[in-house]
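Enquirer: Just query18.txt, nothing more (compact mmCIF, C-alpha atoms):
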# COMPACT_ATOMS: atom_id res chain seq x y z
CA MET D 1 223.04 147.28 -5.78
CA GLU D 2 225.81 144.77 -5.75
CA GLU D 3 226.58 145.40 -9.42
CA VAL D 4 226.52 149.15 -8.85
CA ASP D 5 228.88 148.81 -5.91
CA ARG D 6 231.30 146.70 -7.95
CA ILE D 7 231.35 149.32 -10.71
CA LEU D 8 231.90 152.10 -8.19
CA ILE D 9 234.70 150.21 -6.43
CA ARG D 10 236.38 149.46 -9.75
CA ALA D 11 236.14 153.09 -10.79
CA LEU D 12 237.55 154.29 -7.48
CA ALA D 13 240.43 151.83 -7.77
CA GLN D 14 241.25 153.34 -11.17
CA THR D 15 241.62 156.74 -9.52
CA GLY D 16 244.36 155.39 -7.24
CA CYS D 17 242.27 154.74 -4.17
CA ASP D 18 243.77 151.98 -2.00
CA ILE D 19 240.89 149.51 -1.75
CA SER D 20 241.61 146.02 -0.48
CA ASP D 21 240.43 142.97 -2.38
CA ASP D 22 238.00 141.91 0.33
CA VAL D 23 235.95 145.11 -0.02
CA ASP D 24 233.10 144.46 -2.47
CA SER D 25 230.37 146.76 -1.16
CA ILE D 26 229.99 150.43 -0.23
CA LYS D 27 228.72 149.25 3.13
CA GLN D 28 232.25 148.05 3.94
CA PHE D 29 233.76 151.49 3.35
CA SER D 30 235.33 152.97 6.46
CA THR D 31 235.42 156.68 7.20
CA GLU D 32 239.06 156.91 6.13
CA LEU D 33 238.40 155.02 2.88
CA LEU D 34 235.39 157.18 2.04
CA VAL D 35 237.39 160.38 2.58
CA GLU D 36 240.24 159.09 0.43
CA ALA D 37 237.87 158.07 -2.37
CA VAL D 38 236.13 161.45 -2.39
CA VAL D 39 239.39 163.41 -2.33
CA ARG D 40 240.92 161.40 -5.19
CA CYS D 41 237.80 161.90 -7.30
CA LEU D 42 237.89 165.64 -6.60
CA ARG D 43 241.53 165.81 -7.67
CA LEU D 44 240.70 164.24 -11.01
CA ILE D 45 237.56 166.30 -11.59
CA ASP D 46 238.92 169.66 -10.43
CA PRO D 47 242.62 169.49 -9.42
CA PRO D 48 242.84 172.98 -7.85
CA LEU D 49 239.80 172.16 -5.74
CA GLY D 50 240.95 168.72 -4.61
CA ASN D 51 244.65 169.38 -4.13
CA GLY D 52 243.99 171.61 -1.14
CA ILE D 53 242.41 168.76 0.83
CA SER D 54 244.37 165.87 2.28
CA HIS D 55 243.17 162.35 1.49
CA LEU D 56 244.43 161.14 4.87
CA LEU D 57 242.06 161.66 7.78
CA PRO D 58 243.89 163.01 10.87
CA PRO D 59 243.21 161.59 14.31
CA GLY D 60 242.12 164.87 15.92
CA MET D 61 238.39 165.53 16.04
CA SER D 62 238.68 169.21 15.17
CA ALA D 63 240.85 168.43 12.13
CA ARG D 64 238.38 165.74 11.05
CA PHE D 65 235.56 168.26 11.34
CA ARG D 66 237.42 170.79 9.15
CA ILE D 67 238.16 168.19 6.47
CA GLY D 68 234.53 167.06 6.51
CA MET D 69 233.32 170.62 6.05
CA SER D 70 235.84 171.23 3.25
CA LEU D 71 234.75 168.08 1.41
CA ALA D 72 231.10 168.97 1.75
CA GLN D 73 231.71 172.48 0.39
CA ALA D 74 233.81 171.11 -2.52
CA CYS D 75 231.07 168.63 -3.51
CA GLN D 76 228.48 171.41 -3.40
CA ASP D 77 230.71 173.56 -5.62
CA LEU D 78 230.75 170.73 -8.17
CA GLY D 79 226.94 170.72 -8.23
CA TYR D 80 225.97 167.97 -5.83
CA GLU D 81 222.36 168.63 -4.83
CA GLY D 82 221.91 165.98 -2.16
CA GLU D 83 222.09 166.57 1.57
CA ILE D 84 225.71 166.73 2.56
CA GLY D 85 227.74 167.93 5.51
CA TYR D 86 230.57 166.90 7.73
CA GLN D 87 228.38 164.11 9.11
CA THR D 88 228.25 162.56 5.64
CA PHE D 89 231.92 161.67 5.99
CA LEU D 90 232.42 161.28 9.73
CA TYR D 91 229.16 159.43 10.40
CA SER D 92 228.44 158.10 6.94
CA SER D 93 225.50 155.95 5.99
CA GLU D 94 225.46 153.53 3.08
CA PRO D 95 222.81 155.30 0.91
CA GLU D 96 224.43 158.74 1.34
CA SER D 97 227.89 157.39 0.55
CA ARG D 98 226.63 155.51 -2.50
CA ASN D 99 224.79 158.54 -3.91
CA LEU D 100 227.81 160.79 -3.38
CA LEU D 101 230.24 158.34 -4.95
CA MET D 102 227.92 157.79 -7.92
CA PHE D 103 227.83 161.56 -8.49
CA LEU D 104 231.61 161.84 -8.34
CA VAL D 105 232.23 158.84 -10.61
CA GLU D 106 229.81 160.23 -13.19
CA ASN D 107 231.77 163.49 -13.24
CA LEU D 108 235.19 161.89 -13.64
CA PRO D 109 237.15 162.73 -16.81
CA ARG D 110 236.32 160.69 -19.87
CA ASP D 111 239.54 158.64 -19.84
CA SER D 112 238.79 157.54 -16.28
CA VAL D 113 235.19 156.71 -17.11
CA ASP D 114 236.14 154.64 -20.15
CA SER D 115 238.50 152.53 -18.08
CA VAL D 116 235.88 151.65 -15.46
CA HIS D 117 234.85 148.47 -17.27
CA GLN D 118 238.47 147.35 -17.66
CA PRO D 119 240.10 145.08 -15.07
CA ALA D 120 241.92 147.05 -12.39
CA GLY D 121 245.20 145.17 -11.99
CA LYS D 122 248.05 146.23 -9.79
CA SER D 123 249.96 147.79 -12.68
CA VAL D 124 246.94 149.85 -13.71
CA VAL D 125 246.44 151.07 -10.16
CA LEU D 126 250.12 151.98 -9.94
CA GLN D 127 249.98 153.90 -13.21
CA ARG D 128 246.89 155.74 -12.06
CA SER D 129 248.55 156.62 -8.79
CA ILE D 130 251.66 157.92 -10.58
CA SER D 131 249.53 159.94 -12.98
CA SER D 132 247.54 161.42 -10.13
CA ARG D 133 250.73 162.37 -8.30
CA ILE D 134 252.17 164.02 -11.40
CA LYS D 135 248.99 166.04 -11.85
CA GLU D 136 249.24 167.16 -8.24
CA LEU D 137 252.83 168.30 -8.71
CA LEU D 138 251.99 170.11 -11.95
CA CYS D 139 249.36 172.13 -10.16
CA ILE D 140 251.97 173.45 -7.71
CA PRO D 141 253.52 176.69 -9.03
CA TRP D 142 257.27 176.68 -9.62
CA VAL D 143 259.20 178.91 -7.25
CA PRO D 144 262.88 179.94 -7.60
CA ALA D 145 265.25 178.06 -5.35
CA SER D 146 266.11 181.14 -3.28
CA LEU D 147 262.43 181.78 -2.44
CA ARG D 148 261.24 178.24 -1.74
CA PRO D 149 259.80 177.52 1.69
CA PRO D 150 260.80 174.32 3.47
CA SER D 151 257.68 172.53 2.16
CA LEU D 152 258.68 173.17 -1.46
CA LEU D 153 262.32 172.31 -0.91
CA TRP D 154 261.31 168.65 -0.62
CA ILE D 155 258.99 168.72 -3.66
CA GLN D 156 261.02 170.97 -5.95
CA ARG D 157 264.41 169.60 -4.98
CA SER D 158 267.18 171.93 -6.05
CA ARG D 159 269.97 170.45 -3.92
CA LEU D 160 269.96 167.18 -5.82
CA MET D 161 269.86 168.78 -9.25
CA GLN D 162 272.95 168.50 -11.45
CA ARG D 163 273.81 169.70 -14.91
CA PHE D 164 273.23 167.33 -17.80
CA HIS D 165 276.85 166.60 -18.70
CA THR D 166 277.90 163.73 -20.94
CA GLN D 167 281.12 162.10 -22.07
CA PRO D 168 281.80 159.82 -25.04
CA LEU D 169 281.64 156.16 -24.09
CA SER D 170 283.38 153.24 -25.75
CA LEU D 171 281.10 150.22 -25.92
CA PRO D 172 281.69 146.92 -27.72
CA ASP D 173 279.87 146.53 -31.02
CA ASN D 174 278.03 143.27 -31.78
CA TYR D 175 279.60 141.62 -28.76
CA SER D 176 276.72 139.14 -28.53
CA ASN D 177 277.75 137.67 -31.88
CA ALA D 178 281.36 136.82 -30.98
CA LYS D 179 281.96 134.80 -34.17
CA THR D 180 281.94 137.91 -36.36
CA ILE D 181 284.37 139.86 -34.15
CA PRO D 182 288.09 139.60 -34.99
CA LYS D 183 290.27 137.95 -32.39
CA GLU D 184 292.31 141.10 -31.68
CA VAL D 185 289.19 143.21 -31.18
CA LYS D 186 287.68 140.64 -28.84
CA GLU D 187 290.89 140.58 -26.78
CA TYR D 188 290.75 144.36 -26.55
CA TYR D 189 287.16 144.20 -25.33
CA ASP D 190 287.96 141.55 -22.72
CA ARG D 191 291.31 142.84 -21.49
CA ASP D 192 291.76 146.57 -22.14
CA LEU D 193 288.32 148.16 -22.49
CA LEU D 194 287.35 149.84 -19.24
CA PRO D 195 283.88 149.41 -17.74
CA VAL D 196 281.39 152.14 -18.41
CA THR D 197 281.48 153.30 -14.80
CA ALA D 198 285.25 153.84 -15.04
CA GLN D 199 285.28 155.73 -18.36
CA SER D 200 283.73 158.95 -17.05
CA CYS D 201 285.62 161.34 -14.80
CA GLN D 202 282.63 161.66 -12.44
CA HIS D 203 280.11 159.05 -11.38
CA SER D 204 277.20 161.43 -12.03
CA PHE D 205 278.10 161.52 -15.76
CA VAL D 206 277.52 157.80 -16.26
CA ALA D 207 273.72 157.89 -16.40
CA THR D 208 273.58 160.93 -18.67
CA SER D 209 276.25 159.52 -20.98
CA LEU D 210 274.41 156.21 -21.29
CA LEU D 211 271.16 158.07 -21.92
CA GLU D 212 272.75 160.13 -24.69
CA ARG D 213 274.33 157.01 -26.23
CA ALA D 214 271.02 155.12 -26.20
CA LEU D 215 269.19 158.12 -27.64
CA ALA D 216 271.74 158.48 -30.44
CA GLU D 217 271.48 154.79 -31.34
CA GLN D 218 267.70 154.92 -31.27
CA SER D 219 267.69 158.04 -33.45
CA ALA D 220 270.04 156.37 -35.95
CA VAL D 221 267.74 153.34 -36.17
CA GLN D 222 264.70 155.52 -36.69
CA GLU D 223 266.45 157.61 -39.35
CA TRP D 224 267.52 154.47 -41.20
CA GLU D 225 264.00 153.02 -41.08
CA THR D 226 262.53 156.27 -42.36
CA GLU D 227 265.07 156.50 -45.18
CA TRP D 228 264.66 152.85 -46.13
CA ASN D 229 260.86 153.05 -46.19
CA SER D 230 260.89 156.24 -48.26
CA GLN D 231 263.87 155.71 -50.62
CA GLY D 232 265.32 152.24 -50.13
CA LEU D 233 262.21 150.26 -51.05
CA VAL D 234 261.75 152.32 -54.21
CA SER D 235 265.30 151.51 -55.37
CA HIS D 236 264.50 147.73 -55.46
CA LEU D 237 267.86 147.01 -53.84
CA SER D 238 268.78 145.05 -50.76
CA PRO D 239 269.80 147.02 -47.65
CA GLU D 240 273.48 146.10 -48.20
CA GLN D 241 273.38 147.19 -51.84
CA TYR D 242 271.60 150.41 -50.93
CA ARG D 243 274.22 151.26 -48.31
CA ALA D 244 277.06 150.46 -50.74
CA ARG D 245 275.57 152.69 -53.43
CA LYS D 246 275.02 155.46 -50.90
CA GLY D 247 278.67 155.20 -49.83
CA GLN D 248 279.89 155.39 -53.41
CA ARG D 249 277.79 158.50 -54.06
CA LEU D 250 279.13 160.12 -50.92
CA GLN D 251 282.75 159.41 -51.91
CA LYS D 252 282.09 160.82 -55.38
CA ARG D 253 280.68 164.04 -53.95
CA LEU D 254 283.59 164.38 -51.54
CA ARG D 255 286.06 163.81 -54.37
CA GLU D 256 284.45 166.48 -56.56
CA HIS D 257 284.24 168.94 -53.70
CA PHE D 258 287.84 168.31 -52.65
CA LEU D 259 289.18 168.68 -56.17
CA GLN D 260 287.27 171.91 -56.63
CA TYR D 261 287.97 173.60 -53.31
CA GLY D 262 291.03 171.67 -52.11
CA PRO D 263 294.52 173.12 -51.53
CA HIS D 264 295.68 172.35 -55.10
CA GLY D 265 292.53 173.33 -56.96
CA ALA D 266 292.32 172.50 -60.62
CA GLY D 267 295.96 171.44 -60.71
CA ALA D 268 295.25 168.36 -58.63
CA GLN D 269 292.29 167.48 -60.81
CA SER D 270 294.32 167.75 -64.02
CA SER D 271 297.04 165.40 -62.80
CA LEU D 272 294.77 162.71 -61.36
CA PRO D 273 293.34 159.92 -63.47
CA PRO D 274 289.61 160.22 -64.22
CA ALA D 275 288.79 157.05 -62.27
CA ALA D 276 290.69 158.03 -59.12
CA ASP D 277 288.66 157.37 -55.98
CA PHE D 278 288.54 159.52 -52.87
CA PRO D 279 291.41 157.78 -50.99
CA GLN D 280 293.73 158.38 -53.95
CA VAL D 281 292.72 162.04 -53.97
CA LEU D 282 293.58 162.34 -50.27
CA GLN D 283 296.89 160.58 -50.79
CA CYS D 284 297.85 162.88 -53.64
CA ALA D 285 296.83 165.89 -51.58
CA SER D 286 298.94 164.79 -48.61
CA THR D 287 302.08 164.04 -50.68
CA GLY D 288 301.69 167.00 -53.01
CA LYS D 289 302.52 164.97 -56.13
CA ALA D 290 299.33 165.90 -57.88
CA ALA D 291 299.93 169.63 -57.67
CA THR D 292 300.99 171.26 -60.92
CA VAL D 293 301.53 174.91 -61.55
CA ALA D 294 299.01 176.35 -63.98
CA LYS D 295 300.52 178.20 -66.90
CA GLY D 296 297.99 181.00 -66.94
CA SER D 297 297.50 183.67 -69.59
CA ARG D 298 299.99 186.25 -70.82
CA PHE D 299 298.30 188.95 -68.79
CA THR D 300 298.58 186.99 -65.53
CA ARG D 301 302.26 186.22 -66.16
CA THR D 302 303.01 189.89 -66.92
CA ASP D 303 301.04 191.06 -63.91
CA LYS D 304 302.83 188.61 -61.61
CA PHE D 305 306.26 189.61 -63.05
CA THR D 306 305.51 193.34 -62.57
CA PHE D 307 304.41 192.97 -58.95
CA THR D 308 307.40 190.75 -58.21
CA LYS D 309 309.80 193.38 -59.56
CA GLU D 310 308.09 196.13 -57.62
CA ALA D 311 308.31 194.11 -54.42
CA GLU D 312 312.02 193.45 -54.94
CA HIS D 313 312.60 197.16 -55.65
CA MET D 314 310.84 198.13 -52.43
CA VAL D 315 312.93 195.66 -50.47
CA HIS D 316 316.15 197.16 -51.86
CA GLN D 317 314.97 200.68 -51.03
CA MET D 318 314.14 199.69 -47.46
CA ALA D 319 317.56 198.07 -47.08
CA ALA D 320 319.31 201.21 -48.40
CA VAL D 321 317.37 203.45 -46.00
CA GLY D 322 318.28 201.17 -43.12
CA ASN D 323 321.99 201.24 -44.02
CA ALA D 324 321.92 205.03 -44.29
CA LEU D 325 320.30 205.38 -40.88
CA SER D 326 322.79 203.03 -39.27
CA SER D 327 325.78 204.87 -40.82
CA SER D 328 324.49 208.28 -39.70
CA ARG D 329 323.94 206.95 -36.17
CA ASP D 330 327.53 205.62 -36.09
CA SER D 331 328.98 208.95 -37.25
CA GLU D 332 327.07 210.82 -34.54
CA GLU D 333 328.41 208.50 -31.88
CA VAL D 334 332.01 209.11 -33.15
CA ARG D 335 331.52 212.87 -32.99
CA SER D 336 330.20 212.69 -29.49
CA GLN D 337 333.29 210.77 -28.39
How does the structure come out when it is put into structure tokens?
Expert:
Amino acid sequence: MEEVDRILIRALAQTGCDISDDVDSIKQFSTELLVEAVVRCLRLIDPPLGNGISHLLPPGMSARFRIGMSLAQACQDLGYEGEIGYQTFLYSSEPESRNLLMFLVENLPRDSVDSVHQPAGKSVVLQRSISSRIKELLCIPWVPASLRPPSLLWIQRSRLMQRFHTQPLSLPDNYSNAKTIPKEVKEYYDRDLLPVTAQSCQHSFVATSLLERALAEQSAVQEWETEWNSQGLVSHLSPEQYRARKGQRLQKRLREHFLQYGPHGAGAQSSLPPAADFPQVLQCASTGKAATVAKGSRFTRTDKFTFTKEAEHMVHQMAAVGNALSSSRDSEEVRSQ
């Protein structure tokens, strides 16, 4: 029986039951400990059934009687065929407690059963307790904030909720390796760069901004590892060479796209040297030196000349009409005088 009791105690500890180290037998279980062990097992086996029963035994006799009857009925609903009643919990005997706990441990979920033979350290017990609490909260239905009773206001806290708002943060890069940082940059980090807590306009934005920054850095690392494992290793290049080649390809694509759809179109491409890189293309585009007027065909020149003449003719007609209207208005004013 001693080995059976040790297995049962270890299994109950995995469920989050607070069992002291000096308890090594079911005979040492108090009424409060037995009730807690049964309730925690019920919550893992059937959460809706166990969440309605408190694992803390109240001091009042009538409340103890009700909890004992509820536990007995819940165990019977799970299929326990032994003799059970409120006296099983309030006036427990060792054989009855052992048989009931053996039944409950055998019906625990598979992940809990598999971990019975593993050592139950403090961290494992804490994780089990957190997991059990999360399962309890997930079984509680979500209620809108305007309809929550006082009991749910503490569990589903809406007063402390804030919007997930972030701000860009400026953090030093490779500050641990100070030898590779230029002197001016290091002076900026030490003298002018504000702390993270002072960069955001509100204190509540600091945690969310740091979380977003860490997530972005982690995503970038994962993307690079995925790309390097899928394409970089196949190229038989070093990571530095692979990045350099990728940068050259990107500049080439930007150059072609800019020359094709840029403000100067084909004129900029005709005046640039074939080996011009992307910075030279941007410089020519900003100064306008690379822009040349395309000659075009005879039809385009004739069409442009015709529309230009028509536009000038319409401008002259509008000016003549305006002068005529102004002169007629002046003559009417003279007559009226």
Enquirer: Contacts of D:Arg213 at 10 Å or less, counting all atoms listed in the file, minus same-chain residues fewer than 5 places along, as a VMD selection string?
Expert: chain D and resid 166 to 171 207 to 208 218 to 219
Enquirer: What separation in Å, quoted to one decimal, exists between atom CA of D:Gln231 and atom CA of D:Glu212?
Expert: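 Separating atom CA of D:Gln231 from atom CA of D:Glu212 is a distance of 27.8 Å.
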Enquirer: Report the distance between atom CA of D:Ala13 and atom CA of D:Leu152 in Å, rounded to one decimal place.
Expert: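 Calculated distance between atom CA of D:Ala13 and atom CA of D:Leu152 is 28.8 Å.
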Enquirer: Find the distance between atom CA of D:Glu223 and atom CA of D:Ser238 and write it in Å to one decimal.
Expert: 17.1 Å
Enquirer: Which of these residues is nearest to D:Cys41, using only C-alpha atoms: D:Ala214, D:Leu90, D:Val125, D:Leu100?
Expert: D:Leu100
Enquirer: Choose the residue, out of D:Leu34, D:Pro172, D:Gln248, D:Asp22, that has the smallest atom-to-atom separation from D:Lys186; count all atoms listed in the file.
Expert: D:Pro172
Enquirer: For stretch 44-53 of chain D, work out the shell of residues within 7 Å, counting only C-alpha atoms and skipping chain neighbours fewer than 5 positions away, then give it as a PDB file with C-alpha atoms, keeping the file's coordinate frame.
Expert:
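Generated file (part-v1.pdb):
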ATOM      1  CA  VAL D  39     239.390 163.410  -2.330  1.00  0.00           C
ATOM      2  CA  ALA D  74     233.810 171.110  -2.520  1.00  0.00           C
ATOM      3  CA  ASN D 107     231.770 163.490 -13.240  1.00  0.00           C
ATOM      4  CA  LEU D 108     235.190 161.890 -13.640  1.00  0.00           C
ATOM      5  CA  PRO D 109     237.150 162.730 -16.810  1.00  0.00           C
ATOM      6  CA  GLU D 136     249.240 167.160  -8.240  1.00  0.00           C
ATOM      7  CA  CYS D 139     249.360 172.130 -10.160  1.00  0.00           C
TER       8      CYS D 139
END
Enquirer: Counting all atoms listed in the file, which residue out of D:Arg191, D:Ser70, D:Glu36, D:Arg98 sits closest to D:Arg6?
Expert: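 Among D:Arg191, D:Ser70, D:Glu36, D:Arg98, it is D:Arg98 that comes nearest to D:Arg6.
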Enquirer: So, with all atoms listed in the file as the atoms that count, which of D:Ser204, D:Gln87, D:Gln76, D:Gln14 lies closest to D:Arg64?
Expert: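 Of D:Ser204, D:Gln87, D:Gln76, D:Gln14, the one nearest D:Arg64, counting all atoms listed in the file, is D:Gln87.
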Enquirer: Find the residues near D:Pro59: any atom within 12 Å, counting all atoms listed in the file, skip ones fewer than 3 places away on the same chain, and give them as a list in words.
Expert: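 With the cut-off at 12 Å, the set is Thr31, Glu32, Leu56, Ser62, Ala63, Arg64, Phe65, Ile67 and Leu90 of chain D.
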Enquirer: With C-alpha atoms retained, could you export that selection as a PDB file, keeping the file's coordinate frame?
Expert:
ATOM      1  CA  THR D  31     235.420 156.680   7.200  1.00  0.00           C
ATOM      2  CA  GLU D  32     239.060 156.910   6.130  1.00  0.00           C
ATOM      3  CA  LEU D  56     244.430 161.140   4.870  1.00  0.00           C
ATOM      4  CA  SER D  62     238.680 169.210  15.170  1.00  0.00           C
ATOM      5  CA  ALA D  63     240.850 168.430  12.130  1.00  0.00           C
ATOM      6  CA  ARG D  64     238.380 165.740  11.050  1.00  0.00           C
ATOM      7  CA  PHE D  65     235.560 168.260  11.340  1.00  0.00           C
ATOM      8  CA  ILE D  67     238.160 168.190   6.470  1.00  0.00           C
ATOM      9  CA  LEU D  90     232.420 161.280   9.730  1.00  0.00           C
TER      10      LEU D  90
END
